[in-house]
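This is upload_16.pdb (PDB, C-alpha atoms).
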```pdb
ATOM      1  CA  MET F   1     151.967 136.843 174.664
ATOM      2  CA  ASN F   2     154.283 134.340 172.994
ATOM      3  CA  GLU F   3     157.275 135.333 170.911
ATOM      4  CA  LEU F   4     155.511 134.789 167.565
ATOM      5  CA  ASP F   5     152.552 136.984 168.576
ATOM      6  CA  LYS F   6     154.967 139.655 169.720
ATOM      7  CA  ILE F   7     156.789 139.606 166.391
ATOM      8  CA  VAL F   8     153.528 139.812 164.434
ATOM      9  CA  LYS F   9     152.272 142.695 166.582
ATOM     10  CA  GLU F  10     155.507 144.629 166.148
ATOM     11  CA  ALA F  11     155.407 144.071 162.381
ATOM     12  CA  ILE F  12     151.813 145.358 162.168
ATOM     13  CA  GLU F  13     152.601 148.403 164.298
ATOM     14  CA  LYS F  14     155.625 149.182 162.182
ATOM     15  CA  LYS F  15     153.591 148.968 158.980
ATOM     16  CA  ASN F  16     150.784 151.115 160.384
ATOM     17  CA  ASN F  17     153.255 153.799 161.462
ATOM     18  CA  THR F  18     155.286 153.799 158.235
ATOM     19  CA  PRO F  19     155.069 156.964 156.083
ATOM     20  CA  ILE F  20     153.215 156.478 152.776
ATOM     21  CA  GLU F  21     154.169 158.602 149.772
ATOM     22  CA  GLU F  22     150.589 158.946 148.494
ATOM     23  CA  PHE F  23     149.591 160.186 151.960
ATOM     24  CA  GLU F  24     152.185 162.975 151.794
ATOM     25  CA  GLY F  25     154.393 161.105 154.245
ATOM     26  CA  TYR F  26     151.704 160.326 156.816
ATOM     27  CA  SER F  27     151.209 156.795 158.101
ATOM     28  CA  PRO F  28     148.052 154.629 157.880
ATOM     29  CA  ASN F  29     147.479 155.279 161.594
ATOM     30  CA  GLU F  30     147.634 159.028 161.054
ATOM     31  CA  MET F  31     145.344 158.777 158.038
ATOM     32  CA  HIS F  32     142.817 156.970 160.207
ATOM     33  CA  PHE F  33     142.597 160.047 162.424
ATOM     34  CA  ILE F  34     142.652 162.416 159.453
ATOM     35  CA  ILE F  35     139.601 160.641 158.011
ATOM     36  CA  HIS F  36     137.626 159.553 161.064
ATOM     37  CA  ASP F  37     138.681 161.845 163.946
ATOM     38  CA  PRO F  38     140.356 164.847 162.278
ATOM     39  CA  PHE F  39     140.308 167.078 165.361
ATOM     40  CA  LYS F  40     141.334 164.562 168.017
ATOM     41  CA  GLU F  41     144.575 165.094 169.918
ATOM     42  CA  LYS F  42     146.341 162.374 167.927
ATOM     43  CA  SER F  43     145.293 163.867 164.601
ATOM     44  CA  PRO F  44     147.837 165.960 162.669
ATOM     45  CA  ILE F  45     145.114 168.619 162.271
ATOM     46  CA  GLN F  46     144.270 171.093 165.001
ATOM     47  CA  ILE F  47     142.095 174.218 165.138
ATOM     48  CA  SER F  48     143.770 177.201 166.774
ATOM     49  CA  ASN F  49     142.239 180.112 168.638
ATOM     50  CA  ALA F  50     142.672 183.436 166.872
ATOM     51  CA  LYS F  51     142.018 187.089 167.576
ATOM     52  CA  ASN F  52     138.467 188.312 166.986
ATOM     53  CA  SER F  53     139.445 190.294 163.882
ATOM     54  CA  THR F  54     140.379 187.022 162.159
ATOM     55  CA  TYR F  55     136.850 185.643 162.421
ATOM     56  CA  LYS F  56     135.399 188.815 160.934
ATOM     57  CA  ASN F  57     137.184 187.913 157.678
ATOM     58  CA  ILE F  58     135.333 184.599 157.332
ATOM     59  CA  PRO F  59     132.184 184.883 155.156
ATOM     60  CA  ILE F  60     130.280 181.868 156.465
ATOM     61  CA  PHE F  61     131.174 182.728 160.066
ATOM     62  CA  ASN F  62     129.644 186.192 159.619
ATOM     63  CA  GLN F  63     126.477 184.693 158.134
ATOM     64  CA  VAL F  64     126.047 182.242 160.999
ATOM     65  CA  LYS F  65     126.997 184.814 163.648
ATOM     66  CA  PHE F  66     124.285 187.130 162.319
ATOM     67  CA  LEU F  67     121.652 184.470 162.993
ATOM     68  CA  PHE F  68     123.131 183.586 166.374
ATOM     69  CA  ASP F  69     122.984 187.253 167.359
ATOM     70  CA  LEU F  70     119.292 187.427 166.396
ATOM     71  CA  ILE F  71     118.555 184.429 168.592
ATOM     72  CA  LYS F  72     120.572 185.918 171.453
ATOM     73  CA  GLU F  73     118.876 189.314 171.263
ATOM     74  CA  ASP F  74     115.292 188.076 170.928
ATOM     75  CA  LYS F  75     115.764 184.848 172.925
ATOM     76  CA  LYS F  76     114.445 182.962 169.904
ATOM     77  CA  LEU F  77     114.169 182.949 166.117
ATOM     78  CA  LYS F  78     110.775 182.048 164.722
ATOM     79  CA  LEU F  79     110.828 180.312 161.334
ATOM     80  CA  THR F  80     108.011 180.134 158.797
ATOM     81  CA  ASN F  81     105.484 177.305 158.872
ATOM     82  CA  SER F  82     107.660 175.534 156.293
ATOM     83  CA  GLY F  83     110.748 175.861 158.488
ATOM     84  CA  TYR F  84     112.511 178.622 156.568
ATOM     85  CA  LEU F  85     113.840 182.013 157.615
ATOM     86  CA  PRO F  86     111.260 184.822 157.299
ATOM     87  CA  PRO F  87     111.734 186.864 154.081
ATOM     88  CA  LYS F  88     112.578 190.003 156.091
ATOM     89  CA  ILE F  89     115.515 188.242 157.790
ATOM     90  CA  VAL F  90     116.629 186.717 154.475
ATOM     91  CA  ALA F  91     116.778 190.165 152.888
ATOM     92  CA  GLU F  92     118.559 191.655 155.882
ATOM     93  CA  LEU F  93     121.161 188.897 156.051
ATOM     94  CA  TYR F  94     121.859 188.874 152.316
ATOM     95  CA  GLY F  95     122.024 192.652 152.352
ATOM     96  CA  LYS F  96     124.981 192.510 154.740
ATOM     97  CA  GLY F  97     127.052 191.427 151.731
ATOM     98  CA  TYR F  98     128.958 188.652 153.480
ATOM     99  CA  MET F  99     128.359 186.177 150.636
ATOM    100  CA  LYS F 100     127.067 187.319 147.272
ATOM    101  CA  GLU F 101     125.200 185.204 144.707
ATOM    102  CA  PRO F 102     126.187 185.906 141.068
ATOM    103  CA  LEU F 103     122.690 185.193 139.734
ATOM    104  CA  ILE F 104     121.081 187.526 142.245
ATOM    105  CA  GLU F 105     123.690 190.247 141.749
ATOM    106  CA  SER F 106     123.256 190.093 137.967
ATOM    107  CA  GLY F 107     119.473 190.308 138.243
ATOM    108  CA  VAL F 108     118.879 186.890 136.692
ATOM    109  CA  SER F 109     117.355 185.638 139.959
ATOM    110  CA  LYS F 110     115.315 187.497 142.549
ATOM    111  CA  LEU F 111     115.676 187.171 146.306
ATOM    112  CA  TYR F 112     112.353 186.431 147.954
ATOM    113  CA  ARG F 113     112.888 183.373 150.117
ATOM    114  CA  GLU F 114     115.685 181.572 151.933
ATOM    115  CA  ILE F 115     116.039 178.972 149.185
ATOM    116  CA  ASP F 116     116.642 181.709 146.601
ATOM    117  CA  SER F 117     120.106 182.164 148.133
ATOM    118  CA  PRO F 118     122.215 179.030 148.660
ATOM    119  CA  SER F 119     124.516 180.927 151.035
ATOM    120  CA  VAL F 120     121.640 182.064 153.266
ATOM    121  CA  ASN F 121     120.137 178.580 153.123
ATOM    122  CA  LEU F 122     123.512 177.124 154.103
ATOM    123  CA  ALA F 123     123.868 179.483 157.066
ATOM    124  CA  LYS F 124     120.411 178.529 158.393
ATOM    125  CA  ILE F 125     121.189 174.803 157.994
ATOM    126  CA  LEU F 126     124.485 175.174 159.867
ATOM    127  CA  VAL F 127     122.774 176.996 162.709
ATOM    128  CA  GLU F 128     120.164 174.237 162.919
ATOM    129  CA  LEU F 129     122.895 171.575 163.031
ATOM    130  CA  SER F 130     124.941 173.479 165.589
ATOM    131  CA  THR F 131     125.305 172.265 169.168
ATOM    132  CA  LEU F 132     124.646 175.857 170.264
ATOM    133  CA  VAL F 133     121.034 175.892 169.072
ATOM    134  CA  LYS F 134     117.952 173.703 169.376
ATOM    135  CA  LYS F 135     114.793 173.828 167.276
ATOM    136  CA  GLN F 136     111.286 173.056 168.489
ATOM    137  CA  LYS F 137     108.096 173.752 166.545
ATOM    138  CA  ASN F 138     109.962 175.890 163.996
ATOM    139  CA  THR F 139     111.489 178.068 166.694
ATOM    140  CA  MET F 140     115.243 178.168 167.317
ATOM    141  CA  THR F 141     116.620 178.955 170.771
ATOM    142  CA  LEU F 142     120.034 178.662 172.390
ATOM    143  CA  THR F 143     121.046 175.476 174.154
ATOM    144  CA  GLN F 144     122.718 175.663 177.552
ATOM    145  CA  LYS F 145     126.056 175.355 175.758
ATOM    146  CA  GLY F 146     124.996 178.100 173.359
ATOM    147  CA  THR F 147     124.088 180.430 176.205
ATOM    148  CA  GLN F 148     127.558 179.909 177.683
ATOM    149  CA  GLN F 149     129.489 180.317 174.424
ATOM    150  CA  ILE F 150     127.440 182.748 172.326
ATOM    151  CA  ASN F 151     129.837 185.636 173.049
ATOM    152  CA  ASP F 152     132.981 183.586 172.349
ATOM    153  CA  ASP F 153     133.931 183.868 168.665
ATOM    154  CA  SER F 154     136.537 181.125 168.997
ATOM    155  CA  ALA F 155     133.986 178.680 170.432
ATOM    156  CA  ILE F 156     131.462 179.621 167.740
ATOM    157  CA  PHE F 157     134.043 179.063 165.013
ATOM    158  CA  GLN F 158     135.062 175.666 166.377
ATOM    159  CA  ASP F 159     131.446 174.571 166.515
ATOM    160  CA  LEU F 160     130.776 175.948 163.028
ATOM    161  CA  PHE F 161     133.833 174.328 161.467
ATOM    162  CA  LYS F 162     133.108 170.925 162.982
ATOM    163  CA  THR F 163     129.455 171.202 162.033
ATOM    164  CA  PHE F 164     130.292 172.095 158.432
ATOM    165  CA  THR F 165     132.854 169.335 157.988
ATOM    166  CA  ASN F 166     131.262 166.521 159.995
ATOM    167  CA  LYS F 167     127.488 167.108 159.992
ATOM    168  CA  PHE F 168     126.552 169.090 156.900
ATOM    169  CA  HIS F 169     126.325 166.979 153.736
ATOM    170  CA  TRP F 170     128.549 168.626 151.120
ATOM    171  CA  ALA F 171     126.678 167.068 148.194
ATOM    172  CA  TYR F 172     123.497 168.913 149.211
ATOM    173  CA  PHE F 173     123.900 171.717 146.691
ATOM    174  CA  ASP F 174     125.088 169.755 143.647
ATOM    175  CA  GLY F 175     124.262 166.844 141.363
ATOM    176  CA  PHE F 176     127.593 165.033 141.238
ATOM    177  CA  SER F 177     127.114 161.273 141.374
ATOM    178  CA  ASP F 178     129.803 160.477 143.969
ATOM    179  CA  GLU F 179     128.655 162.012 147.243
ATOM    180  CA  ASP F 180     131.885 161.259 149.143
ATOM    181  CA  ILE F 181     134.363 163.222 147.039
ATOM    182  CA  GLY F 182     135.740 166.239 148.883
ATOM    183  CA  GLN F 183     134.125 165.640 152.251
ATOM    184  CA  LEU F 184     135.674 162.205 152.801
ATOM    185  CA  GLY F 185     139.123 162.944 154.141
ATOM    186  CA  PHE F 186     138.645 166.724 153.901
ATOM    187  CA  GLY F 187     141.480 167.005 156.427
ATOM    188  CA  PHE F 188     143.869 165.727 153.770
ATOM    189  CA  SER F 189     142.961 168.765 151.645
ATOM    190  CA  LEU F 190     143.900 170.994 154.580
ATOM    191  CA  ILE F 191     147.217 169.164 154.819
ATOM    192  CA  LEU F 192     147.844 169.657 151.098
ATOM    193  CA  LEU F 193     146.995 173.358 151.278
ATOM    194  CA  ASN F 194     149.267 173.808 154.273
ATOM    195  CA  LYS F 195     152.146 172.067 152.498
ATOM    196  CA  TYR F 196     151.839 173.501 148.996
ATOM    197  CA  GLY F 197     149.753 176.647 149.433
ATOM    198  CA  ASN F 198     152.454 179.275 149.926
ATOM    199  CA  GLU F 199     152.354 179.974 146.203
ATOM    200  CA  TYR F 200     149.608 179.933 143.590
ATOM    201  CA  ARG F 201     148.997 176.497 142.144
ATOM    202  CA  ARG F 202     146.333 175.144 139.841
ATOM    203  CA  ALA F 203     143.465 173.655 141.824
ATOM    204  CA  GLU F 204     143.768 170.500 139.715
ATOM    205  CA  PHE F 205     147.151 169.928 141.390
ATOM    206  CA  TYR F 206     145.351 169.358 144.689
ATOM    207  CA  ALA F 207     142.562 167.364 143.072
ATOM    208  CA  GLU F 208     145.028 164.920 141.550
ATOM    209  CA  LYS F 209     146.749 164.282 144.881
ATOM    210  CA  TYR F 210     143.469 163.906 146.760
ATOM    211  CA  LEU F 211     141.836 161.565 144.243
ATOM    212  CA  LYS F 212     144.971 159.436 144.058
ATOM    213  CA  ALA F 213     145.282 159.128 147.838
ATOM    214  CA  PHE F 214     141.669 158.012 148.228
ATOM    215  CA  LYS F 215     141.633 155.991 145.013
ATOM    216  CA  PHE F 216     138.670 157.727 143.409
ATOM    217  CA  LYS F 217     138.099 157.384 139.682
ATOM    218  CA  THR F 218     139.838 159.870 137.426
ATOM    219  CA  LYS F 219     137.964 162.167 135.069
ATOM    220  CA  ASP F 220     139.370 160.198 132.119
ATOM    221  CA  SER F 221     137.326 157.192 133.216
ATOM    222  CA  VAL F 222     133.937 158.956 133.113
ATOM    223  CA  LYS F 223     131.929 160.620 130.380
ATOM    224  CA  LYS F 224     129.071 162.496 132.050
ATOM    225  CA  PHE F 225     129.680 165.922 133.601
ATOM    226  CA  GLY F 226     128.013 164.855 136.832
ATOM    227  CA  ASP F 227     130.376 161.905 137.127
ATOM    228  CA  ASP F 228     133.560 164.000 136.830
ATOM    229  CA  PRO F 229     135.451 163.454 140.133
ATOM    230  CA  THR F 230     137.885 166.302 139.512
ATOM    231  CA  ARG F 231     135.078 168.778 138.930
ATOM    232  CA  ALA F 232     133.224 167.515 142.020
ATOM    233  CA  TYR F 233     136.345 167.975 144.134
ATOM    234  CA  LEU F 234     137.074 171.463 142.825
ATOM    235  CA  VAL F 235     133.523 172.706 143.380
ATOM    236  CA  ARG F 236     133.033 171.216 146.834
ATOM    237  CA  THR F 237     136.499 171.756 148.248
ATOM    238  CA  PHE F 238     137.504 175.123 146.837
ATOM    239  CA  LYS F 239     134.310 177.000 145.980
ATOM    240  CA  ARG F 240     132.044 175.686 148.743
ATOM    241  CA  PHE F 241     134.449 174.950 151.583
ATOM    242  CA  LEU F 242     137.804 176.717 151.548
ATOM    243  CA  GLU F 243     136.474 179.924 149.985
ATOM    244  CA  HIS F 244     133.556 180.075 152.441
ATOM    245  CA  PHE F 245     136.078 180.045 155.299
ATOM    246  CA  ASN F 246     138.460 182.507 153.612
ATOM    247  CA  PHE F 247     141.180 179.851 153.594
ATOM    248  CA  ILE F 248     142.149 180.494 149.956
ATOM    249  CA  GLU F 249     142.587 183.361 147.548
ATOM    250  CA  PHE F 250     142.413 183.170 143.777
ATOM    251  CA  ASP F 251     144.790 184.421 141.118
ATOM    252  CA  ASN F 252     142.325 186.141 138.802
ATOM    253  CA  ASP F 253     145.004 186.822 136.183
ATOM    254  CA  GLN F 254     145.313 183.149 135.332
ATOM    255  CA  LYS F 255     143.296 181.259 132.727
ATOM    256  CA  TYR F 256     142.885 178.317 135.084
ATOM    257  CA  LEU F 257     141.663 178.170 138.672
ATOM    258  CA  CYS F 258     144.781 178.916 140.716
ATOM    259  CA  VAL F 259     144.768 179.238 144.499
ATOM    260  CA  ARG F 260     147.016 179.778 147.477
ATOM    261  CA  LYS F 261     146.359 179.752 151.218
ATOM    262  CA  THR F 262     145.540 182.891 153.180
ATOM    263  CA  LYS F 263     146.692 184.357 156.450
ATOM    264  CA  THR F 264     143.341 183.313 157.898
ATOM    265  CA  PHE F 265     144.154 179.675 157.151
ATOM    266  CA  ASP F 266     147.544 179.908 158.857
ATOM    267  CA  GLU F 267     146.025 181.581 161.902
ATOM    268  CA  LEU F 268     143.320 178.968 162.401
ATOM    269  CA  ILE F 269     144.642 175.653 161.083
ATOM    270  CA  LYS F 270     147.789 174.021 162.427
ATOM    271  CA  ILE F 271     149.218 170.897 160.792
ATOM    272  CA  ARG F 272     151.629 168.569 162.583
ATOM    273  CA  LYS F 273     154.178 166.656 160.543
ATOM    274  CA  HIS F 274     154.372 162.872 160.515
ATOM    275  CA  LYS F 275     155.184 161.202 163.838
ATOM    276  CA  SER F 276     156.826 157.793 163.871
ATOM    277  CA  SER F 277     154.351 156.489 166.446
ATOM    278  CA  LEU F 278     151.001 157.467 167.953
TER     279      LEU F 278
END
```
Before we go any further, please render this structure as structure tokens.
Amino acid sequence: MNELDKIVKEAIEKKNNTPIEEFEGYSPNEMHFIIHDPFKEKSPIQISNAKNSTYKNIPIFNQVKFLFDLIKEDKKLKLTNSGYLPPKIVAELYGKGYMKEPLIESGVSKLYREIDSPSVNLAKILVELSTLVKKQKNTMTLTQKGTQQINDDSAIFQDLFKTFTNKFHWAYFDGFSDEDIGQLGFGFSLILLNKYGNEYRRAEFYAEKYLKAFKFKTKDSVKKFGDDPTRAYLVRTFKRFLEHFNFIEFDNDQKYLCVRKTKTFDELIKIRKHKSSL
């Protein structure tokens, strides 16, 4: 390598490792991992092992674990001809009370099938996408990995969290036009919550920082409800991600949506500060 190439390489490396204000002090190199490989060793985001009681406080974990336990006990879980959970299992799972549906609880909607409850539907989808389960001819059974890890809550959580963030399509349950908002760079939302979540803050505070970092349109630049990037971020990130994992709690005394992080978040998610080089 000649001297000029060496100088150019050093300049590029310096730029890629320089903290960026809009990235909360993380460098472009670190943001690459945050976006594309959020759980790799070089990423600032790591999932920690916790005591079993911690996992019992996570709504979506309990839903998924219920289905895993059925598969473990009966060696399989037979779905309907259309690929859905049998109504009896739907009723039993929803009846556990892990995740309640306002429309069902109020009597506006009735629970007959899996698709009547988005939370039950979500749990079944996550189990199907899991590396611990395989599905053949509408029957779910444990994989070899699943057989080895089915009694390990930490392993189940890691698989669930990675499945939810990397495999499940967050736009599945809504009609917002931009399908990337929230899920793209979700790790940055974890970083923001870790940094600012010790006290209640308006959820829009996080939305503004996220949308600015990833250069999404602002709500002032759109007119239709379904095109509102702030609303899309709030729904997907807070109501359908962080709340499902018991990572946030709400201040119900406030007029606006205000949140702060929970003990569960601190026990399971560890965030490393900016490093000058990777």
When the PyMOL selection byres ((chain F and resi 104) around 12) is applied to the file above, which residues end up in the set, as a ChimeraX atom specification? /F:91,94-95,97,99-103,105-112,116-119
Please write as an NGL selection string the full residue list that the PyMOL selection byres ((chain F and resi 160) around 10) yields on this file. :F and (60-61 or 64-65 or 123 or 126-127 or 129-132 or 154-159 or 161-167)
12 Å contact set for F:Leu79, only C-alpha atoms, chain neighbours under 5 positions out, as JSON, numbers by chain: {"F": [67, 71, 84, 85, 86, 87, 88, 89, 90, 113, 114, 124, 128, 135, 136, 137, 138, 139, 140, 141]}
Need the shell around F:Gly25: protein/DNA/RNA residues with any atom at most 9 Å away, counting all atoms listed in the file. Skip same-chain ones fewer than 6 positions apart. Format as a PDB file with C-alpha atoms, in the frame of the given file?
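Saved the output as out-v5.pdb:
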```
ATOM      1  CA  THR F  18     155.286 153.799 158.235  1.00  0.00           C
ATOM      2  CA  PRO F  19     155.069 156.964 156.083  1.00  0.00           C
ATOM      3  CA  LYS F 273     154.178 166.656 160.543  1.00  0.00           C
ATOM      4  CA  HIS F 274     154.372 162.872 160.515  1.00  0.00           C
TER       5      HIS F 274
END
```
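Every residue within 9 Å of the file position (150.1, 168.0, 159.7), judged by all atoms listed in the file, is given as Tyr26, Ser43, Pro44, Ile45, Gln46, Phe188, Leu190, Ile191, Asn194, Lys195, Lys270, Ile271, Arg272, Lys273 and His274 of chain F.
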Applied to this file, what does the PyMOL selection byres ((chain F and resi 233-246) around 6) return in terms of residues, put as a PyMOL selection string? chain F and resi 58-60+181-182+230-232+247-248
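Going from atom CA of F:Leu192 to atom CA of F:Tyr210 covers 8.4 Å.
Separating atom CA of F:Gln183 from atom CA of F:Asp37 is a distance of 13.1 Å.
In this structure, atom CA of F:Tyr200 sits 20.0 Å away from atom CA of F:Phe186.
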